[in-house]
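Participant: The following file, entry.cif, comprises mmCIF, C-alpha atoms, pLDDT in the B column; chains and numbers go by the auth columns:
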data_model
#
loop_
_atom_site.group_PDB
_atom_site.id
_atom_site.type_symbol
_atom_site.label_atom_id
_atom_site.label_comp_id
_atom_site.label_asym_id
_atom_site.label_seq_id
_atom_site.Cartn_x
_atom_site.Cartn_y
_atom_site.Cartn_z
_atom_site.B_iso_or_equiv
_atom_site.auth_seq_id
_atom_site.auth_asym_id
ATOM 1 C CA MET A 1 5.775 33.022 -41.574 50.00 126 A
ATOM 2 C CA MET A 2 5.963 33.602 -37.857 59.00 127 A
ATOM 3 C CA GLU A 3 3.161 34.858 -35.669 78.00 128 A
ATOM 4 C CA SER A 4 0.514 34.528 -38.315 85.00 129 A
ATOM 5 C CA ILE A 5 -2.069 33.222 -35.837 88.00 130 A
ATOM 6 C CA LYS A 6 -3.966 35.378 -33.396 89.00 131 A
ATOM 7 C CA VAL A 7 -6.459 33.783 -31.039 90.00 132 A
ATOM 8 C CA ARG A 8 -9.142 35.194 -28.786 90.00 133 A
ATOM 9 C CA THR A 9 -10.907 32.885 -26.352 90.00 134 A
ATOM 10 C CA THR A 10 -13.993 33.473 -24.241 91.00 135 A
ATOM 11 C CA LEU A 11 -14.630 31.007 -21.432 90.00 136 A
ATOM 12 C CA LYS A 12 -18.191 30.895 -20.207 89.00 137 A
ATOM 13 C CA ASN A 13 -19.963 28.174 -18.226 88.00 138 A
ATOM 14 C CA GLY A 14 -17.324 25.582 -19.059 85.00 139 A
ATOM 15 C CA SER A 15 -17.388 26.074 -22.809 90.00 140 A
ATOM 16 C CA VAL A 16 -14.868 28.107 -24.693 91.00 141 A
ATOM 17 C CA THR A 17 -15.544 30.079 -27.839 93.00 142 A
ATOM 18 C CA VAL A 18 -12.368 30.203 -29.890 92.00 143 A
ATOM 19 C CA ARG A 19 -11.883 32.885 -32.505 93.00 144 A
ATOM 20 C CA MET A 20 -8.854 32.529 -34.739 91.00 145 A
ATOM 21 C CA PHE A 21 -7.469 35.192 -36.999 92.00 146 A
ATOM 22 C CA ILE A 22 -4.765 34.135 -39.413 89.00 147 A
ATOM 23 C CA ARG A 23 -2.725 36.483 -41.549 87.00 148 A
ATOM 24 C CA TYR A 24 -2.438 34.615 -44.821 86.00 149 A
ATOM 25 C CA PRO A 25 -2.910 35.326 -48.554 84.00 150 A
ATOM 26 C CA MET A 26 -5.130 32.277 -49.439 84.00 151 A
ATOM 27 C CA ARG A 27 -4.458 32.662 -53.164 81.00 152 A
ATOM 28 C CA VAL A 28 -6.399 30.616 -55.686 82.00 153 A
ATOM 29 C CA GLY A 29 -3.809 30.949 -58.440 74.00 154 A
ATOM 30 C CA GLY A 30 -4.464 31.075 -62.143 66.00 155 A
ATOM 31 C CA GLY A 31 -3.423 34.661 -62.759 58.00 156 A
ATOM 32 C CA ARG A 32 -2.186 35.253 -66.257 59.00 157 A
ATOM 33 C CA LYS A 33 0.361 37.986 -65.570 62.00 158 A
ATOM 34 C CA ASN A 34 3.039 36.298 -63.492 59.00 159 A
ATOM 35 C CA GLU A 35 2.561 32.660 -62.640 59.00 160 A
ATOM 36 C CA ASP A 36 5.118 32.667 -59.788 62.00 161 A
ATOM 37 C CA LEU A 37 3.512 35.574 -58.039 63.00 162 A
ATOM 38 C CA TYR A 38 -0.021 34.325 -58.535 69.00 163 A
ATOM 39 C CA ALA A 39 0.568 30.624 -57.943 78.00 164 A
ATOM 40 C CA PRO A 40 -1.892 28.940 -55.576 80.00 165 A
ATOM 41 C CA HIS A 41 -0.916 29.579 -51.986 84.00 166 A
ATOM 42 C CA PHE A 42 -3.377 28.534 -49.344 86.00 167 A
ATOM 43 C CA ILE A 43 -3.717 26.768 -46.001 89.00 168 A
ATOM 44 C CA GLN A 44 -4.619 23.123 -46.515 88.00 169 A
ATOM 45 C CA GLU A 45 -4.932 21.868 -43.002 89.00 170 A
ATOM 46 C CA ILE A 46 -5.674 23.611 -39.747 91.00 171 A
ATOM 47 C CA SER A 47 -6.053 22.060 -36.340 91.00 172 A
ATOM 48 C CA CYS A 48 -6.713 22.859 -32.715 92.00 173 A
ATOM 49 C CA GLU A 49 -5.701 20.711 -29.771 91.00 174 A
ATOM 50 C CA LEU A 50 -7.099 21.008 -26.256 90.00 175 A
ATOM 51 C CA ASN A 51 -4.645 19.467 -23.766 90.00 176 A
ATOM 52 C CA GLY A 52 -3.081 17.438 -26.570 87.00 177 A
ATOM 53 C CA GLU A 53 -6.364 16.071 -27.913 88.00 178 A
ATOM 54 C CA THR A 54 -7.482 17.247 -31.342 90.00 179 A
ATOM 55 C CA VAL A 55 -10.840 18.985 -31.044 91.00 180 A
ATOM 56 C CA MET A 56 -11.038 20.549 -34.487 91.00 181 A
ATOM 57 C CA ARG A 57 -9.329 19.748 -37.750 91.00 182 A
ATOM 58 C CA GLY A 58 -10.152 21.716 -40.853 90.00 183 A
ATOM 59 C CA TYR A 59 -9.289 20.798 -44.426 91.00 184 A
ATOM 60 C CA TRP A 60 -9.339 23.877 -46.555 90.00 185 A
ATOM 61 C CA GLY A 61 -9.299 24.658 -50.232 86.00 186 A
ATOM 62 C CA PRO A 62 -8.550 28.057 -51.718 87.00 187 A
ATOM 63 C CA GLY A 63 -12.228 28.961 -51.249 86.00 188 A
ATOM 64 C CA VAL A 64 -11.612 30.216 -47.746 89.00 189 A
ATOM 65 C CA ALA A 65 -11.267 34.002 -47.772 87.00 190 A
ATOM 66 C CA GLN A 66 -8.008 35.893 -47.473 87.00 191 A
ATOM 67 C CA ASN A 67 -6.764 36.401 -43.896 90.00 192 A
ATOM 68 C CA PRO A 68 -8.962 33.580 -42.681 91.00 193 A
ATOM 69 C CA TYR A 69 -11.189 33.839 -39.670 92.00 194 A
ATOM 70 C CA LEU A 70 -12.454 30.772 -37.897 92.00 195 A
ATOM 71 C CA SER A 71 -14.609 30.386 -34.840 93.00 196 A
ATOM 72 C CA PHE A 72 -15.736 27.276 -33.019 92.00 197 A
ATOM 73 C CA ILE A 73 -16.961 26.222 -29.581 92.00 198 A
ATOM 74 C CA VAL A 74 -15.360 23.630 -27.330 91.00 199 A
ATOM 75 C CA ASP A 75 -17.139 22.216 -24.285 90.00 200 A
ATOM 76 C CA ASN A 76 -15.585 20.853 -21.068 87.00 201 A
ATOM 77 C CA ALA A 77 -12.896 23.508 -20.900 87.00 202 A
ATOM 78 C CA LYS A 78 -11.501 25.136 -17.777 88.00 203 A
ATOM 79 C CA VAL A 79 -8.992 27.780 -16.802 89.00 204 A
ATOM 80 C CA GLY A 80 -5.430 26.581 -17.300 89.00 205 A
ATOM 81 C CA ASP A 81 -6.213 24.267 -20.227 89.00 206 A
ATOM 82 C CA ALA A 82 -3.651 24.323 -22.998 91.00 207 A
ATOM 83 C CA LEU A 83 -4.705 25.131 -26.553 91.00 208 A
ATOM 84 C CA ALA A 84 -2.443 24.535 -29.530 92.00 209 A
ATOM 85 C CA PHE A 85 -3.167 25.747 -33.045 92.00 210 A
ATOM 86 C CA ARG A 86 -1.395 24.662 -36.169 90.00 211 A
ATOM 87 C CA TRP A 87 -1.714 25.175 -39.899 90.00 212 A
ATOM 88 C CA VAL A 88 -0.010 23.588 -42.897 90.00 213 A
ATOM 89 C CA ASP A 89 -0.127 25.188 -46.338 88.00 214 A
ATOM 90 C CA ASN A 90 0.077 23.733 -49.846 86.00 215 A
ATOM 91 C CA ARG A 91 3.818 24.520 -50.029 84.00 216 A
ATOM 92 C CA GLY A 92 4.688 22.710 -46.815 83.00 217 A
ATOM 93 C CA GLY A 93 4.863 25.893 -44.731 85.00 218 A
ATOM 94 C CA THR A 94 3.567 25.727 -41.203 87.00 219 A
ATOM 95 C CA ASP A 95 2.951 27.813 -38.108 88.00 220 A
ATOM 96 C CA VAL A 96 2.083 26.933 -34.525 88.00 221 A
ATOM 97 C CA PHE A 97 0.505 28.980 -31.773 89.00 222 A
ATOM 98 C CA GLU A 98 0.052 27.844 -28.200 88.00 223 A
ATOM 99 C CA THR A 99 -1.886 29.483 -25.429 87.00 224 A
ATOM 100 C CA LYS A 100 -3.561 28.798 -22.088 88.00 225 A
ATOM 101 C CA LEU A 101 -7.090 29.586 -21.102 84.00 226 A
ATOM 102 C CA MET B 1 9.324 29.801 -66.710 46.00 1481 B
ATOM 103 C CA LEU B 2 5.994 31.320 -67.541 49.00 1482 B
ATOM 104 C CA ASP B 3 7.322 34.684 -66.636 51.00 1483 B
ATOM 105 C CA LYS B 4 10.175 34.242 -69.092 50.00 1484 B
ATOM 106 C CA ALA B 5 7.779 33.005 -71.727 47.00 1485 B
ATOM 107 C CA SER B 6 5.517 35.978 -71.425 48.00 1486 B
ATOM 108 C CA ASN B 7 8.515 38.330 -71.543 49.00 1487 B
ATOM 109 C CA VAL B 8 9.653 36.793 -74.799 45.00 1488 B
ATOM 110 C CA LEU B 9 6.093 37.030 -75.995 45.00 1489 B
ATOM 111 C CA ALA B 10 5.996 40.714 -75.285 48.00 1490 B
ATOM 112 C CA LYS B 11 9.405 41.557 -76.775 51.00 1491 B
ATOM 113 C CA SER B 12 9.546 39.579 -79.984 51.00 1492 B
ATOM 114 C CA PRO B 13 6.618 38.350 -82.019 49.00 1493 B
ATOM 115 C CA ARG B 14 8.952 35.840 -83.741 50.00 1494 B
ATOM 116 C CA PHE B 15 9.074 33.698 -80.622 48.00 1495 B
ATOM 117 C CA ALA B 16 5.481 34.216 -79.800 51.00 1496 B
ATOM 118 C CA ARG B 17 4.321 30.810 -80.948 51.00 1497 B
ATOM 119 C CA ARG B 18 7.166 28.961 -79.229 51.00 1498 B
ATOM 120 C CA ALA B 19 6.513 30.845 -76.019 51.00 1499 B
ATOM 121 C CA LEU B 20 2.860 30.033 -76.284 46.00 1500 B
ATOM 122 C CA PHE B 21 3.642 26.322 -76.595 49.00 1501 B
ATOM 123 C CA ALA B 22 5.946 26.496 -73.573 53.00 1502 B
ATOM 124 C CA MET B 23 3.232 28.196 -71.618 50.00 1503 B
ATOM 125 C CA MET B 24 0.627 25.653 -72.623 50.00 1504 B
ATOM 126 C CA GLY B 25 3.011 22.817 -71.727 47.00 1505 B
ATOM 127 C CA SER B 26 3.580 24.054 -68.215 47.00 1506 B
ATOM 128 C CA ILE B 27 -0.103 24.628 -67.648 45.00 1507 B
ATOM 129 C CA ILE B 28 -0.826 21.018 -68.560 43.00 1508 B
ATOM 130 C CA VAL B 29 2.098 19.550 -66.595 43.00 1509 B
ATOM 131 C CA MET B 30 1.644 21.558 -63.411 43.00 1510 B
ATOM 132 C CA PRO B 31 -1.597 20.017 -62.102 42.00 1511 B
ATOM 133 C CA LEU B 32 -0.178 16.527 -62.730 39.00 1512 B
ATOM 134 C CA VAL B 33 2.885 17.273 -60.631 37.00 1513 B
ATOM 135 C CA ARG B 34 0.736 18.707 -57.887 38.00 1514 B
ATOM 136 C CA ALA B 35 -1.620 15.718 -57.900 37.00 1515 B
ATOM 137 C CA ALA B 36 1.272 13.316 -57.454 34.00 1516 B
ATOM 138 C CA GLY B 37 2.363 15.126 -54.312 31.00 1517 B
ATOM 139 C CA LEU B 38 -0.991 14.806 -52.608 33.00 1518 B
ATOM 140 C CA SER B 39 -2.181 11.671 -50.885 36.00 1519 B
ATOM 141 C CA VAL B 40 -4.770 9.823 -52.909 43.00 1520 B
ATOM 142 C CA SER B 41 -7.475 10.377 -50.336 77.00 1521 B
ATOM 143 C CA ARG B 42 -11.116 11.022 -50.929 82.00 1522 B
ATOM 144 C CA LEU B 43 -10.750 14.502 -49.574 84.00 1523 B
ATOM 145 C CA ALA B 44 -8.016 15.391 -52.039 84.00 1524 B
ATOM 146 C CA GLN B 45 -10.279 14.116 -54.799 85.00 1525 B
ATOM 147 C CA ALA B 46 -13.178 16.168 -53.436 85.00 1526 B
ATOM 148 C CA PHE B 47 -11.114 19.329 -53.729 85.00 1527 B
ATOM 149 C CA LYS B 48 -10.494 18.479 -57.398 85.00 1528 B
ATOM 150 C CA ASP B 49 -14.145 17.810 -58.226 85.00 1529 B
ATOM 151 C CA LYS B 50 -15.716 20.428 -60.442 87.00 1530 B
ATOM 152 C CA SER B 51 -19.342 20.253 -59.366 87.00 1531 B
ATOM 153 C CA SER B 52 -21.073 20.165 -56.003 87.00 1532 B
ATOM 154 C CA GLU B 53 -22.797 16.893 -56.912 87.00 1533 B
ATOM 155 C CA GLU B 54 -19.420 15.279 -57.553 87.00 1534 B
ATOM 156 C CA VAL B 55 -18.058 16.603 -54.270 86.00 1535 B
ATOM 157 C CA MET B 56 -20.991 15.168 -52.344 88.00 1536 B
ATOM 158 C CA ARG B 57 -20.679 11.839 -54.110 87.00 1537 B
ATOM 159 C CA THR B 58 -16.955 11.681 -53.348 86.00 1538 B
ATOM 160 C CA LEU B 59 -17.400 12.574 -49.695 86.00 1539 B
ATOM 161 C CA TYR B 60 -20.708 10.937 -48.795 86.00 1540 B
ATOM 162 C CA GLY B 61 -21.482 8.336 -51.447 85.00 1541 B
ATOM 163 C CA ASP B 62 -24.441 8.035 -53.786 84.00 1542 B
ATOM 164 C CA ALA B 63 -27.222 8.244 -51.192 85.00 1543 B
ATOM 165 C CA GLU B 64 -29.215 11.455 -51.230 86.00 1544 B
ATOM 166 C CA ILE B 65 -28.529 13.693 -48.239 88.00 1545 B
ATOM 167 C CA PRO B 66 -31.766 14.795 -46.521 88.00 1546 B
ATOM 168 C CA LEU B 67 -32.385 18.440 -45.730 88.00 1547 B
ATOM 169 C CA SER B 68 -32.640 19.259 -42.046 89.00 1548 B
ATOM 170 C CA ASP B 69 -34.143 22.114 -40.072 87.00 1549 B
ATOM 171 C CA ALA B 70 -31.688 21.453 -37.281 88.00 1550 B
ATOM 172 C CA ILE B 71 -28.918 23.105 -39.312 90.00 1551 B
ATOM 173 C CA ARG B 72 -28.935 26.860 -39.576 90.00 1552 B
ATOM 174 C CA ILE B 73 -26.754 28.772 -42.001 90.00 1553 B
ATOM 175 C CA THR B 74 -26.425 32.392 -40.979 90.00 1554 B
ATOM 176 C CA MET B 75 -25.081 34.590 -43.737 89.00 1555 B
ATOM 177 C CA THR B 76 -26.075 37.623 -45.696 88.00 1556 B
ATOM 178 C CA ASP B 77 -28.618 37.194 -48.509 86.00 1557 B
ATOM 179 C CA LEU B 78 -26.836 39.678 -50.722 87.00 1558 B
ATOM 180 C CA ALA B 79 -23.069 40.045 -50.601 85.00 1559 B
ATOM 181 C CA GLU B 80 -21.587 42.972 -52.490 84.00 1560 B
ATOM 182 C CA ASP B 81 -18.059 41.616 -52.284 84.00 1561 B
ATOM 183 C CA GLY B 82 -17.712 37.922 -52.981 84.00 1562 B
ATOM 184 C CA THR B 83 -14.093 37.800 -51.784 87.00 1563 B
ATOM 185 C CA VAL B 84 -15.028 37.898 -48.112 89.00 1564 B
ATOM 186 C CA VAL B 85 -18.426 36.516 -47.125 90.00 1565 B
ATOM 187 C CA PRO B 86 -18.962 35.645 -43.458 92.00 1566 B
ATOM 188 C CA ILE B 87 -20.759 32.380 -42.821 93.00 1567 B
ATOM 189 C CA LYS B 88 -21.949 30.801 -39.589 93.00 1568 B
ATOM 190 C CA ILE B 89 -23.232 27.246 -39.324 93.00 1569 B
ATOM 191 C CA GLU B 90 -25.083 26.188 -36.204 92.00 1570 B
ATOM 192 C CA THR B 91 -26.606 22.787 -35.538 92.00 1571 B
ATOM 193 C CA LYS B 92 -28.910 21.414 -32.894 90.00 1572 B
ATOM 194 C CA PHE B 93 -27.417 17.929 -33.094 89.00 1573 B
ATOM 195 C CA LYS B 94 -25.765 16.607 -29.913 86.00 1574 B
ATOM 196 C CA ILE B 95 -22.680 15.102 -31.475 89.00 1575 B
ATOM 197 C CA VAL B 96 -21.394 16.446 -34.761 91.00 1576 B
ATOM 198 C CA SER B 97 -18.358 14.757 -36.255 91.00 1577 B
ATOM 199 C CA ALA B 98 -17.882 16.937 -39.339 91.00 1578 B
ATOM 200 C CA ILE B 99 -19.157 20.005 -41.151 92.00 1579 B
ATOM 201 C CA SER B 100 -18.467 20.669 -44.841 92.00 1580 B
ATOM 202 C CA ILE B 101 -19.059 23.915 -46.659 93.00 1581 B
ATOM 203 C CA ILE B 102 -19.782 23.681 -50.389 91.00 1582 B
ATOM 204 C CA ALA B 103 -20.419 26.606 -52.739 91.00 1583 B
ATOM 205 C CA VAL B 104 -22.330 25.278 -55.728 90.00 1584 B
ATOM 206 C CA GLU B 105 -21.135 27.872 -58.260 88.00 1585 B
ATOM 207 C CA ASN B 106 -17.454 28.020 -57.260 86.00 1586 B
ATOM 208 C CA PRO B 107 -14.854 26.498 -59.631 86.00 1587 B
ATOM 209 C CA ILE B 108 -13.647 24.473 -56.637 87.00 1588 B
ATOM 210 C CA PRO B 109 -17.009 23.851 -54.936 89.00 1589 B
ATOM 211 C CA LEU B 110 -15.648 22.319 -51.746 90.00 1590 B
ATOM 212 C CA ILE B 111 -14.542 25.221 -49.589 91.00 1591 B
ATOM 213 C CA ALA B 112 -13.689 23.454 -46.383 91.00 1592 B
ATOM 214 C CA LYS B 113 -14.332 20.371 -44.343 91.00 1593 B
ATOM 215 C CA PHE B 114 -14.035 20.525 -40.590 91.00 1594 B
ATOM 216 C CA SER B 115 -13.852 17.407 -38.505 91.00 1595 B
ATOM 217 C CA LEU B 116 -14.872 18.053 -34.942 90.00 1596 B
ATOM 218 C CA GLY B 117 -13.858 16.190 -31.797 89.00 1597 B
ATOM 219 C CA LYS B 118 -16.303 14.976 -29.166 88.00 1598 B
ATOM 220 C CA VAL B 119 -15.972 18.098 -27.023 89.00 1599 B
ATOM 221 C CA ALA B 120 -16.417 20.490 -29.951 89.00 1600 B
ATOM 222 C CA ARG B 121 -19.943 21.707 -30.522 89.00 1601 B
ATOM 223 C CA GLY B 122 -21.652 21.671 -33.912 89.00 1602 B
ATOM 224 C CA PHE B 123 -20.720 25.223 -34.687 91.00 1603 B
ATOM 225 C CA ILE B 124 -18.408 26.810 -37.241 92.00 1604 B
ATOM 226 C CA ALA B 125 -18.045 30.445 -38.247 93.00 1605 B
ATOM 227 C CA THR B 126 -15.649 31.577 -40.944 93.00 1606 B
ATOM 228 C CA ARG B 127 -15.308 33.734 -44.049 92.00 1607 B
ATOM 229 C CA ILE B 128 -15.457 32.326 -47.553 91.00 1608 B
ATOM 230 C CA LYS B 129 -15.111 33.363 -51.195 89.00 1609 B
ATOM 231 C CA LEU B 130 -18.076 33.072 -53.560 88.00 1610 B
ATOM 232 C CA VAL B 131 -17.676 33.523 -57.285 87.00 1611 B
ATOM 233 C CA LYS B 132 -21.284 34.222 -58.201 85.00 1612 B
ATOM 234 C CA THR B 133 -24.893 34.010 -57.093 89.00 1613 B
ATOM 235 C CA GLY B 134 -25.783 30.496 -56.030 88.00 1614 B
ATOM 236 C CA ASP B 135 -26.442 28.070 -53.236 90.00 1615 B
ATOM 237 C CA VAL B 136 -24.151 27.502 -50.298 91.00 1616 B
ATOM 238 C CA VAL B 137 -24.519 24.030 -48.844 92.00 1617 B
ATOM 239 C CA ALA B 138 -23.630 22.934 -45.340 92.00 1618 B
ATOM 240 C CA VAL B 139 -23.308 19.185 -44.912 92.00 1619 B
ATOM 241 C CA VAL B 140 -23.279 17.983 -41.325 92.00 1620 B
ATOM 242 C CA GLU B 141 -22.218 14.509 -40.209 91.00 1621 B
ATOM 243 C CA THR B 142 -23.849 13.409 -36.984 90.00 1622 B
ATOM 244 C CA THR B 143 -24.378 10.205 -35.048 89.00 1623 B
ATOM 245 C CA GLU B 144 -27.916 10.211 -36.474 88.00 1624 B
ATOM 246 C CA GLY B 145 -26.726 10.409 -40.070 88.00 1625 B
ATOM 247 C CA VAL B 146 -25.692 12.977 -42.662 91.00 1626 B
ATOM 248 C CA PHE B 147 -27.834 16.066 -43.210 91.00 1627 B
ATOM 249 C CA GLN B 148 -27.622 19.188 -45.311 91.00 1628 B
ATOM 250 C CA ALA B 149 -28.930 22.734 -45.391 91.00 1629 B
ATOM 251 C CA ARG B 150 -28.877 25.191 -48.283 91.00 1630 B
ATOM 252 C CA LYS B 151 -29.022 28.934 -48.613 91.00 1631 B
ATOM 253 C CA LYS B 152 -29.019 31.051 -51.750 90.00 1632 B
ATOM 254 C CA ILE B 153 -26.635 33.993 -51.705 89.00 1633 B
ATOM 255 C CA GLU B 154 -26.606 36.798 -54.243 88.00 1634 B
ATOM 256 C CA ILE B 155 -23.240 38.170 -55.229 84.00 1635 B
ATOM 257 C CA THR B 156 -22.596 41.509 -56.921 82.00 1636 B
ATOM 258 C CA VAL B 157 -18.810 41.235 -57.386 73.00 1637 B
ATOM 259 C CA GLY B 158 -17.322 37.729 -57.594 65.00 1638 B
ATOM 260 C CA GLY B 159 -14.521 36.500 -55.396 60.00 1639 B
ATOM 261 C CA CYS B 160 -12.676 33.953 -57.477 54.00 1640 B
ATOM 262 C CA ASP B 161 -12.023 35.594 -60.825 53.00 1641 B
ATOM 263 C CA VAL B 162 -9.714 38.133 -59.215 47.00 1642 B
ATOM 264 C CA SER B 163 -6.250 36.833 -59.966 43.00 1643 B
ATOM 265 C CA ASP B 164 -4.523 37.955 -56.773 45.00 1644 B
ATOM 266 C CA ARG B 165 -7.100 36.668 -54.345 44.00 1645 B
#
Spit out the file's structure as structure tokens when you get a sec.
Facilitator:
Amino acid sequence: MMESIKVRTTLKNGSVTVRMFIRYPMRVGGGRKNEDLYAPHFIQEISCELNGETVMRGYWGPGVAQNPYLSFIVDNAKVGDALAFRWVDNRGGTDVFETKL
Amino acid sequence: MLDKASNVLAKSPRFARRALFAMMGSIIVMPLVRAAGLSVSRLAQAFKDKSSEEVMRTLYGDAEIPLSDAIRITMTDLAEDGTVVPIKIETKFKIVSAISIIAVENPIPLIAKFSLGKVARGFIATRIKLVKTGDVVAVVETTEGVFQARKKIEITVGGCDVSDR
């Protein structure tokens, strides 16, 4: 599951608006047809670090929509700051994305 | 296993009952196995709770959470497709440590909980699934206490009864 995270950042007056787009099924499960295919499959934990410090950590259930979108605002940011994004799903899968402002 | 069971079910009625038992067995066992794998935290319990009241009790205790005008939920009043409903939560509080989104009518009411660092503002925008018409609750933890805001959303087509979503 490589390159599932896409991030757009807008830096304005020292605060950065982060918009994350994740390509991910976010399945609830419980389908009757084929249990393997329709088993729950969703991101459980998602986090964002600014220069190594966690600024946002989300705990998700399957109620977050397919191909999740998430936006949040971080203050005290400047050009050159490092942002790291990470998610962990309910099957132990994970993906990381790092970028600089 | 279930796949096999349903195949047998389709091909031969003789094994139908046995297959049905196998299916029922795995449905009962599966959540138990999954529960054992998770840490026994309050959050994990909150995701298992079946009603929004239970979720709030698990996360925030018995005390009633006051409504606040300082929280604004921006989302459509009427969503035609419940599978993807944009939601935006803004707060006027200075320091917000966490924001939870709860959909009252969903089978798993707790949608997400975000814990925010000191430099993150009290703002979250995302897209959620809603199964049917009902309230969406935003619970915000601040230095001044815990507050909530509610908004009723009408849904034409639900977002959780679709098996592949």
Participant: If you measure from CA of Arg144 (chain A) to CA of Phe1603 (chain B), what distance in Å do you get, rounded to one decimal?
Facilitator: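 Going from CA of Arg144 (chain A) over to CA of Phe1603 (chain B), I get 11.9 Å.
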Participant: Going by the chain IDs and residue numbers used in this file, which residues fall under the PyMOL selection byres ((chain B) within 7 of (chain A))? Write them as a list in words.
Facilitator: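 Answer for the PyMOL selection byres ((chain B) within 7 of (chain A)): Leu1482, Asp1483, Phe1527, Thr1563, Val1564, Leu1590, Ile1591, Ala1592, Lys1593, Phe1594, Ser1595, Leu1596, Gly1597, Val1599, Ala1600, Arg1601, Phe1603, Ile1604, Ala1605, Thr1606, Arg1607, Ile1608, Lys1609, Ser1643, Asp1644 and Arg1645 of chain B.
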Participant: Include C-alpha atoms and write out the residues we just selected as a compact mmCIF listing (two decimals), in the frame of the given file.
Facilitator:
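Generated file (part-v2.txt):
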# COMPACT_ATOMS: atom_id res chain seq x y z
CA LEU B 1482 5.99 31.32 -67.54
CA ASP B 1483 7.32 34.68 -66.64
CA PHE B 1527 -11.11 19.33 -53.73
CA THR B 1563 -14.09 37.80 -51.78
CA VAL B 1564 -15.03 37.90 -48.11
CA LEU B 1590 -15.65 22.32 -51.75
CA ILE B 1591 -14.54 25.22 -49.59
CA ALA B 1592 -13.69 23.45 -46.38
CA LYS B 1593 -14.33 20.37 -44.34
CA PHE B 1594 -14.04 20.52 -40.59
CA SER B 1595 -13.85 17.41 -38.51
CA LEU B 1596 -14.87 18.05 -34.94
CA GLY B 1597 -13.86 16.19 -31.80
CA VAL B 1599 -15.97 18.10 -27.02
CA ALA B 1600 -16.42 20.49 -29.95
CA ARG B 1601 -19.94 21.71 -30.52
CA PHE B 1603 -20.72 25.22 -34.69
CA ILE B 1604 -18.41 26.81 -37.24
CA ALA B 1605 -18.05 30.44 -38.25
CA THR B 1606 -15.65 31.58 -40.94
CA ARG B 1607 -15.31 33.73 -44.05
CA ILE B 1608 -15.46 32.33 -47.55
CA LYS B 1609 -15.11 33.36 -51.20
CA SER B 1643 -6.25 36.83 -59.97
CA ASP B 1644 -4.52 37.96 -56.77
CA ARG B 1645 -7.10 36.67 -54.34
Participant: Find the axis-aligned box for region 187-192 of chain A, covering all its listed atoms and adding 5 Å on each side, and write its centre and edge lengths in Å to one decimal as lines of an AutoDock Vina configuration file.
Facilitator:
center_x = -9.5
center_y = 32.2
center_z = -47.8
size_x = 15.5
size_y = 18.3
size_z = 17.8
Participant: Could you state the separation of CA of Leu1558 (chain B) and CA of Glu1634 (chain B) in Å, given to one decimal place?
Facilitator: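 The value is 4.6 Å.
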Participant: I'd like the neighbourhood of region 1571-1576 of chain B as a list of chain:residue names, where a residue qualifies if any of its atoms comes within 6 Å (using all atoms listed in the file), though same-chain residues fewer than 3 positions away should be ignored.
Facilitator: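 Answer for this query is B:Ala1550, B:Ile1551, B:Gly1602, B:Glu1621, B:Thr1622.
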Participant: I'd like the residues picked by the PyMOL selection byres ((chain B and resi 1540) around 12) written out as a count of residues only, using the chain letters and numbers from the file.
Facilitator: 27
Participant: Around (0.6, 24.6, -42.8), as given in the file, which residues come within 10 Å? Count only C-alpha atoms and list them as a PyMOL selection string.
Facilitator: chain A and resi 126+167-172+211-221
Participant: Out of B:Lys1598, B:Lys1528, B:Arg1552, B:Lys1612, which residue has the shortest atom-to-atom distance to Val1584 (chain B) when counting only C-alpha atoms?
Facilitator: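 That would be B:Lys1612, the residue with the smallest distance to Val1584 (chain B).
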Participant: I'd like the interatomic distance between CA of Gly177 (chain A) and CA of Ile1567 (chain B), to a tenth of an Å.
Facilitator: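 Separation between CA of Gly177 (chain A) and CA of Ile1567 (chain B): 28.3 Å.
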Participant: Ranking B:Leu1547, B:Ile1553, B:Ile1582, B:Val1611 by minimum distance to Lys1568 (chain B) and counting only C-alpha atoms, which one comes first?
Facilitator: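 Under the stated criterion, the closest residue is B:Ile1553.
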Participant: Show which residues sit within 8 Å of Glu223 (chain A), as number ranges by chain. Count only C-alpha atoms, and ignore same-chain residues fewer than 4 positions away.
Facilitator: A: 207-210
